[in-house]
Structure formats: structure tokens, C-alpha cells
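A.B. asks: Sharing a structure, written as C-alpha cells. Questions coming.
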Amino acid sequence: MSYSSSSMSSGSGSSRRAFEFGRTHVVRPKGKHQATIVWLHGLGDNGSSWSQLLESLPLPNIKWICPTAPTRPVAIFGGFPCTAWFDVGEISEDVPSDLEGLDASAAHVANLLSTEPPNIKLGIGGFSMGAATALYSATCHVLGHYRNGNIYPINLSAVVSLSGWLPCARTLKNQIEQSRDGRRRAASLPLFLCHGKGDDVVAYEHGERSAMALSSAGFPNLMFRSYNGLGHYTVPEETDEVCRWLTANLGLEGFRLN
């Protein structure tokens, strides 16, 4: 199932910029609906390709929502337009990030989750740039607001990052330490980060440093898994571990025989 989604904007005043998001694909749960996860694709990809993989996973209690990023000029490609959750000139947790784009994409994800039933656990996952956006959303949840100051409305129960990195890593620890609610939320949010040691697109060091930054910022429930020889893609060994981790951390029942 898929449906088109409207544009959202971020920022304030004359700097407001609209981002037209693409088609959203939904994978319905095959069993009892217990959790909904928004899954975010990588740079230049779309929601459809990941929805096919996610539908094949043995996770019958999860509803997957797979949106498509806006098409925009991307600095790392010399301004060539492609689907991207935010603009990026260099893949690094140290370079100043496109906060307006990150806020707009995080708000789009939160909006997709906002209509889920109150008893459903909510999560965000992604690959590459989608993973970076998922981790950014996790920091918005913990801090209680986007970087533009608007309130973050979703209570997250799990975040998964495959071959990604943490935007705005430099300032995160200081921001969380200044917030009692932020420290409490960080302490209770499970994070699962995976990265291939052979990744030639988002270097393994970015994933490792991101995990270290999150851990030092007060996320004790964090698992970081590395895979020897794995490049910038996913493999069954990795998705199997994601399935086990989600089942354990979301308390999923799996298939039940009546």
C-alpha cells in the first residue's frame, strides 16, 4: 500500500523553505499490531525499495512506514538533485549540519507516527542518510524539541541505525546534560547501531564515533555491532540481528497459534 504525502516546512520567517516529500509505502502487520516503525532510505533511494525487504522480515507485529525523501540539490553531488532527507556536503558528524532540512524531515517522520493508536510502540530506523535522520530524531525526542525550538511530539521506544552517523554530535552531550528530562529520556531509549568495517561511503569510523558520542551523552541502552568485510549495504546476518533486537526491546509476541 502507498499514498502521497503533503509538503512540510521548517524554520521561521523569511527563511521558511518547503520540502516536497515523495510517496510513502506502508507494510501492514501480518499478526497482532504492536509497533509501528518509520524506516528511512539512503541518499538517492526511495521508500519502495526498503518496503519490499521489510515485508520479508519475520516481524509480524510491526507496521512499517517507508516514506520517500524530497528531491533537492545535494552539495556532496555538486548540487545535482536527488532524494535526500537533508543537504550534506561531507559525511561527518563534525561538519555543521543542514538543521533546517533535518528538522523538516524529523517533523515529517513524527507526523507519520502521530496518528498511530496510543497503545502502539513507536520507532524509527534507517540506512545511511536515513539512519542519520533516525538518530537525529532520537536526539529531538530526548531533548523534547527540534533544533528550531518547536516541540517534538512523539515518544520513541526504539531507534535503529544501519551504516549511518550522528548529525550534530558535537553539541549533544552538553544539551542533554542541561536537561533533567533529557537525561531521563536518554537513559530509557534503546538504540541499535550497525556498521560494516568495509564501508567506503560512510566510513566505519563515523559509525563508531557516533556510537561513542551517544554513549558518552547518556544513552546506556545502546548496542553497536560491527561487521567485518561489510560494505555500504545490508546482509541477512545484520537484518537477523535487527529482528532479534526489535523483538526483545519492543516486547513483540511474534506469530501466535490460536
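Identifiers in the C-alpha cells: chain A, B, ... in order shown; residue index from 1 per chain; ligand index from 1 in order shown.
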Neighbouring residues of A:Pro118 were defined as those with any atom within 12 Å, considering only C-alpha atoms; residues of the same chain fewer than 3 positions away were excluded. Please report them as number ranges by chain.
C.D. replies: A: 33-36, 113-115, 121-122, 154-155
A.B. asks: DSSP on the backbone, then: every residue of stretch 12-223 of chain A marked alpha helix (DSSP H), written as a PyMOL selection string.
C.D. replies: chain A and resi 47-55+99-113+129-143+169-177+180-188+204-216
A.B. asks: Since we have the selection now, will you write its residues out, keeping C-alpha atoms, as a PDB file, in the first residue's frame?
C.D. replies:
```pdb
ATOM      1  CA  GLY A  47      10.674   4.146   0.217  1.00  0.00           C
ATOM      2  CA  SER A  48       9.569   1.381  -2.134  1.00  0.00           C
ATOM      3  CA  SER A  49      12.874  -0.498  -2.251  1.00  0.00           C
ATOM      4  CA  TRP A  50      13.091  -0.851   1.544  1.00  0.00           C
ATOM      5  CA  SER A  51       9.403  -1.730   1.955  1.00  0.00           C
ATOM      6  CA  GLN A  52       9.986  -4.897  -0.079  1.00  0.00           C
ATOM      7  CA  LEU A  53      12.823  -6.028   2.189  1.00  0.00           C
ATOM      8  CA  LEU A  54      10.982  -5.130   5.389  1.00  0.00           C
ATOM      9  CA  GLU A  55       7.888  -7.052   4.280  1.00  0.00           C
ATOM     10  CA  LEU A  99      19.466  21.847  10.541  1.00  0.00           C
ATOM     11  CA  GLU A 100      16.524  23.158   8.540  1.00  0.00           C
ATOM     12  CA  GLY A 101      16.449  20.039   6.388  1.00  0.00           C
ATOM     13  CA  LEU A 102      16.970  17.748   9.368  1.00  0.00           C
ATOM     14  CA  ASP A 103      14.165  19.437  11.303  1.00  0.00           C
ATOM     15  CA  ALA A 104      11.793  19.212   8.341  1.00  0.00           C
ATOM     16  CA  SER A 105      12.480  15.509   7.807  1.00  0.00           C
ATOM     17  CA  ALA A 106      12.272  14.707  11.522  1.00  0.00           C
ATOM     18  CA  ALA A 107       8.942  16.566  11.664  1.00  0.00           C
ATOM     19  CA  HIS A 108       7.677  14.629   8.631  1.00  0.00           C
ATOM     20  CA  VAL A 109       8.547  11.342  10.366  1.00  0.00           C
ATOM     21  CA  ALA A 110       6.892  12.476  13.602  1.00  0.00           C
ATOM     22  CA  ASN A 111       3.775  13.428  11.649  1.00  0.00           C
ATOM     23  CA  LEU A 112       3.615   9.937  10.116  1.00  0.00           C
ATOM     24  CA  LEU A 113       3.773   8.408  13.608  1.00  0.00           C
ATOM     25  CA  MET A 129      21.427   9.181   5.436  1.00  0.00           C
ATOM     26  CA  GLY A 130      18.135   7.688   6.635  1.00  0.00           C
ATOM     27  CA  ALA A 131      19.982   6.299   9.663  1.00  0.00           C
ATOM     28  CA  ALA A 132      21.453   9.750  10.325  1.00  0.00           C
ATOM     29  CA  THR A 133      17.926  11.192  10.234  1.00  0.00           C
ATOM     30  CA  ALA A 134      16.696   8.452  12.601  1.00  0.00           C
ATOM     31  CA  LEU A 135      19.479   9.242  15.094  1.00  0.00           C
ATOM     32  CA  TYR A 136      18.751  12.958  14.767  1.00  0.00           C
ATOM     33  CA  SER A 137      15.082  12.205  15.538  1.00  0.00           C
ATOM     34  CA  ALA A 138      16.232  10.280  18.619  1.00  0.00           C
ATOM     35  CA  THR A 139      18.056  13.379  19.880  1.00  0.00           C
ATOM     36  CA  CYS A 140      14.944  15.509  19.224  1.00  0.00           C
ATOM     37  CA  HIS A 141      12.872  13.051  21.277  1.00  0.00           C
ATOM     38  CA  VAL A 142      15.385  13.137  24.125  1.00  0.00           C
ATOM     39  CA  LEU A 143      15.731  16.934  24.140  1.00  0.00           C
ATOM     40  CA  ALA A 169      27.220  15.056  17.638  1.00  0.00           C
ATOM     41  CA  ARG A 170      29.494  17.796  19.000  1.00  0.00           C
ATOM     42  CA  THR A 171      26.805  19.637  20.953  1.00  0.00           C
ATOM     43  CA  LEU A 172      24.611  16.713  22.060  1.00  0.00           C
ATOM     44  CA  LYS A 173      26.237  15.841  25.392  1.00  0.00           C
ATOM     45  CA  ASN A 174      26.144  19.432  26.633  1.00  0.00           C
ATOM     46  CA  GLN A 175      22.496  19.841  25.603  1.00  0.00           C
ATOM     47  CA  ILE A 176      21.364  16.632  27.328  1.00  0.00           C
ATOM     48  CA  GLU A 177      23.301  17.395  30.499  1.00  0.00           C
ATOM     49  CA  ARG A 180      16.758  16.593  33.602  1.00  0.00           C
ATOM     50  CA  ASP A 181      14.003  15.281  31.312  1.00  0.00           C
ATOM     51  CA  GLY A 182      16.581  14.842  28.562  1.00  0.00           C
ATOM     52  CA  ARG A 183      18.818  12.714  30.791  1.00  0.00           C
ATOM     53  CA  ARG A 184      15.826  10.598  31.806  1.00  0.00           C
ATOM     54  CA  ARG A 185      14.665  10.051  28.226  1.00  0.00           C
ATOM     55  CA  ALA A 186      18.189   9.246  27.011  1.00  0.00           C
ATOM     56  CA  ALA A 187      18.593   6.661  29.771  1.00  0.00           C
ATOM     57  CA  SER A 188      15.453   4.806  28.690  1.00  0.00           C
ATOM     58  CA  TYR A 204      33.192   2.780   9.694  1.00  0.00           C
ATOM     59  CA  GLU A 205      34.869   5.381  11.908  1.00  0.00           C
ATOM     60  CA  HIS A 206      31.806   7.649  11.567  1.00  0.00           C
ATOM     61  CA  GLY A 207      29.552   4.907  12.903  1.00  0.00           C
ATOM     62  CA  GLU A 208      31.946   4.034  15.710  1.00  0.00           C
ATOM     63  CA  ARG A 209      32.422   7.683  16.769  1.00  0.00           C
ATOM     64  CA  SER A 210      28.663   8.243  16.650  1.00  0.00           C
ATOM     65  CA  ALA A 211      28.093   5.307  18.987  1.00  0.00           C
ATOM     66  CA  MET A 212      30.754   6.651  21.348  1.00  0.00           C
ATOM     67  CA  ALA A 213      29.219  10.140  21.265  1.00  0.00           C
ATOM     68  CA  LEU A 214      25.764   8.769  22.078  1.00  0.00           C
ATOM     69  CA  SER A 215      27.119   6.606  24.879  1.00  0.00           C
ATOM     70  CA  SER A 216      29.000   9.493  26.483  1.00  0.00           C
TER      71      SER A 216
END
```
A.B. asks: Select from stretch 1-159 of chain A everything DSSP, run on the backbone, classes as strand (DSSP E or B), then give the selection as a ChimeraX atom specification.
C.D. replies: /A:2-4,8-10,17-19,23-27,35-40,62-66,71-74,80-83,121-127,145,151,158-159
A.B. asks: Check the smallest atom-to-atom distance from each of A:Lys63, A:His145, A:Arg28, A:Lys197 to A:Gly123 using only C-alpha atoms, then report the winner.
C.D. replies: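 Residue with the minimum atom-to-atom distance to A:Gly123: A:Lys63.
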A.B. asks: Using only C-alpha atoms, which residue out of A:Ser97, A:His41, A:Phe192, A:Gly198 lies closest to A:Phe219?
C.D. replies: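 Between A:Ser97, A:His41, A:Phe192, A:Gly198, the residue approaching A:Phe219 most closely is A:Phe192.
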A.B. asks: Please determine, counting only C-alpha atoms, which residue among A:Gly31, A:Pro117, A:Pro81, A:Gly149 has the shortest atom-to-atom distance to A:Gly44.
C.D. replies: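 Comparing A:Gly31, A:Pro117, A:Pro81, A:Gly149 against A:Gly44, the winner is A:Pro81.
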A.B. asks: Env of A:Arg72: 7 Å cut, atoms = only C-alpha atoms, seq-sep filter 4 positions within chain, self excluded. Answer as an MDAnalysis selection string.
C.D. replies: chainID A and resid 81:84
A.B. asks: Generate the output file for the selected residues, N, CA, C and O atoms, as an mmCIF file, in the first residue's frame.
C.D. replies:
```cif
data_model
loop_
_atom_site.group_PDB
_atom_site.id
_atom_site.type_symbol
_atom_site.label_atom_id
_atom_site.label_comp_id
_atom_site.auth_asym_id
_atom_site.auth_seq_id
_atom_site.Cartn_x
_atom_site.Cartn_y
_atom_site.Cartn_z
ATOM 1 N N PRO A 81 20.472 17.268 -8.190
ATOM 2 C CA PRO A 81 19.298 16.937 -7.367
ATOM 3 C C PRO A 81 19.052 15.434 -7.268
ATOM 4 O O PRO A 81 19.146 14.706 -8.259
ATOM 5 N N CYS A 82 18.738 14.983 -6.059
ATOM 6 C CA CYS A 82 18.321 13.602 -5.836
ATOM 7 C C CYS A 82 17.536 13.556 -4.540
ATOM 8 O O CYS A 82 17.435 14.561 -3.829
ATOM 9 N N THR A 83 16.942 12.416 -4.229
ATOM 10 C CA THR A 83 16.187 12.305 -2.981
ATOM 11 C C THR A 83 17.151 12.345 -1.802
ATOM 12 O O THR A 83 18.145 11.610 -1.766
ATOM 13 N N ALA A 84 16.871 13.233 -0.848
ATOM 14 C CA ALA A 84 17.756 13.405 0.314
ATOM 15 C C ALA A 84 16.947 13.969 1.461
ATOM 16 O O ALA A 84 16.135 14.879 1.284
#
```
A.B. asks: Which residue out of A:Val74, A:Val159, A:Leu40, A:Val235 has the minimum interatomic distance to A:Gly196 when only C-alpha atoms are used?
C.D. replies: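 Once distances to A:Gly196 are computed over only C-alpha atoms, the minimum belongs to A:Val235.
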A.B. asks: Could you list, as a ChimeraX atom specification, every residue within 12 Å of A:Ala248, counting only C-alpha atoms and ignoring same-chain residues fewer than 5 positions away?
C.D. replies: /A:59,157-158,190,192,241-243,253-254
A.B. asks: Rank A:Met223, A:Leu156, A:Val202, A:Leu246 by their smallest atom-to-atom distance to A:Ile120, using only C-alpha atoms, and report the top residue only.
C.D. replies: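 Going through A:Met223, A:Leu156, A:Val202, A:Leu246 one by one, the smallest distance to A:Ile120 is for A:Leu156.
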A.B. asks: Find the residue from A:Gly22, A:Pro29, A:Gly42, A:Gly89 that sits nearest to A:Thr68; use only C-alpha atoms when measuring.
C.D. replies: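 Among A:Gly22, A:Pro29, A:Gly42, A:Gly89, it is A:Gly22 that comes nearest to A:Thr68.
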A.B. asks: Give me the residues within 7 Å of A:Val88 as an MDAnalysis selection string, counting only C-alpha atoms and dropping any in the same chain fewer than 6 places off.
C.D. replies: chainID A and resid 74:76 98
A.B. asks: Given the selection you just returned, output its residues as a file containing N, CA and C atoms, formatted as a JSON list (two decimals), in the first residue's frame.
C.D. replies:
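In the end it all went to result.json:
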```json
[["chain", "number", "residue", "atom", "x", "y", "z"],
["A", 74, "VAL", "N", 21.98, 18.43, -3.87],
["A", 74, "VAL", "CA", 22.80, 17.91, -2.79],
["A", 74, "VAL", "C", 24.25, 18.31, -3.02],
["A", 75, "ALA", "N", 24.84, 18.97, -2.04],
["A", 75, "ALA", "CA", 26.18, 19.53, -2.20],
["A", 75, "ALA", "C", 27.23, 18.46, -2.45],
["A", 76, "ILE", "N", 27.09, 17.28, -1.83],
["A", 76, "ILE", "CA", 28.09, 16.24, -1.99],
["A", 76, "ILE", "C", 28.13, 15.72, -3.43],
["A", 98, "ASP", "N", 22.80, 20.60, 8.02],
["A", 98, "ASP", "CA", 21.64, 21.31, 7.48],
["A", 98, "ASP", "C", 20.50, 21.14, 8.47]]
```
A.B. asks: How many Å lie between atom CA of A:Gly126 and atom CA of A:Val160, rounded to one decimal?
C.D. replies: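 Those two atoms sit 6.5 Å apart.
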A.B. asks: Would you kindly return, as a PDB file with N, CA, C and O atoms, in the first residue's frame, each protein, DNA or RNA residue with an atom no farther than 7 Å from any atom of stretch 225-232 of chain A, considering only C-alpha atoms and excluding same-chain residues fewer than 6 positions away?
C.D. replies:
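Okay, out_14.pdb is ready:
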```pdb
ATOM      1  N   SER A 163      24.600   1.646   8.991  1.00  0.00           N
ATOM      2  CA  SER A 163      25.576   2.350   8.141  1.00  0.00           C
ATOM      3  C   SER A 163      25.366   3.855   8.156  1.00  0.00           C
ATOM      4  O   SER A 163      25.455   4.520   7.118  1.00  0.00           O
ATOM      5  N   LEU A 193      22.919   0.355  16.669  1.00  0.00           N
ATOM      6  CA  LEU A 193      23.722   0.871  15.573  1.00  0.00           C
ATOM      7  C   LEU A 193      24.549  -0.255  14.978  1.00  0.00           C
ATOM      8  O   LEU A 193      25.213  -1.016  15.709  1.00  0.00           O
ATOM      9  N   CYS A 194      24.517  -0.382  13.653  1.00  0.00           N
ATOM     10  CA  CYS A 194      25.290  -1.398  12.938  1.00  0.00           C
ATOM     11  C   CYS A 194      26.119  -0.708  11.855  1.00  0.00           C
ATOM     12  O   CYS A 194      25.641   0.229  11.209  1.00  0.00           O
ATOM     13  N   HIS A 195      27.345  -1.214  11.653  1.00  0.00           N
ATOM     14  CA  HIS A 195      28.186  -0.616  10.612  1.00  0.00           C
ATOM     15  C   HIS A 195      29.176  -1.643  10.079  1.00  0.00           C
ATOM     16  O   HIS A 195      29.774  -2.405  10.858  1.00  0.00           O
ATOM     17  N   GLY A 196      29.351  -1.639   8.767  1.00  0.00           N
ATOM     18  CA  GLY A 196      30.320  -2.515   8.126  1.00  0.00           C
ATOM     19  C   GLY A 196      31.712  -1.921   8.150  1.00  0.00           C
ATOM     20  O   GLY A 196      31.896  -0.735   7.860  1.00  0.00           O
ATOM     21  N   LYS A 197      32.708  -2.737   8.463  1.00  0.00           N
ATOM     22  CA  LYS A 197      34.088  -2.238   8.509  1.00  0.00           C
ATOM     23  C   LYS A 197      34.646  -1.967   7.117  1.00  0.00           C
ATOM     24  O   LYS A 197      35.658  -1.273   6.978  1.00  0.00           O
ATOM     25  N   GLY A 198      33.968  -2.491   6.095  1.00  0.00           N
ATOM     26  CA  GLY A 198      34.404  -2.242   4.727  1.00  0.00           C
ATOM     27  C   GLY A 198      33.603  -1.156   4.031  1.00  0.00           C
ATOM     28  O   GLY A 198      33.652  -1.035   2.798  1.00  0.00           O
ATOM     29  N   ASP A 199      32.861  -0.344   4.782  1.00  0.00           N
ATOM     30  CA  ASP A 199      32.015   0.699   4.196  1.00  0.00           C
ATOM     31  C   ASP A 199      32.890   1.786   3.568  1.00  0.00           C
ATOM     32  O   ASP A 199      33.675   2.437   4.243  1.00  0.00           O
ATOM     33  N   ASP A 200      32.741   1.989   2.245  1.00  0.00           N
ATOM     34  CA  ASP A 200      33.527   3.006   1.541  1.00  0.00           C
ATOM     35  C   ASP A 200      32.705   4.245   1.203  1.00  0.00           C
ATOM     36  O   ASP A 200      33.167   5.116   0.459  1.00  0.00           O
ATOM     37  N   VAL A 201      31.481   4.334   1.733  1.00  0.00           N
ATOM     38  CA  VAL A 201      30.630   5.514   1.523  1.00  0.00           C
ATOM     39  C   VAL A 201      30.518   6.312   2.818  1.00  0.00           C
ATOM     40  O   VAL A 201      30.839   7.497   2.871  1.00  0.00           O
TER      41      VAL A 201
END
```
A.B. asks: To one decimal place in Å, what is the distance between atom CA of A:Arg147 and atom CA of A:Pro67?
C.D. replies: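 Separation between atom CA of A:Arg147 and atom CA of A:Pro67: 21.9 Å.
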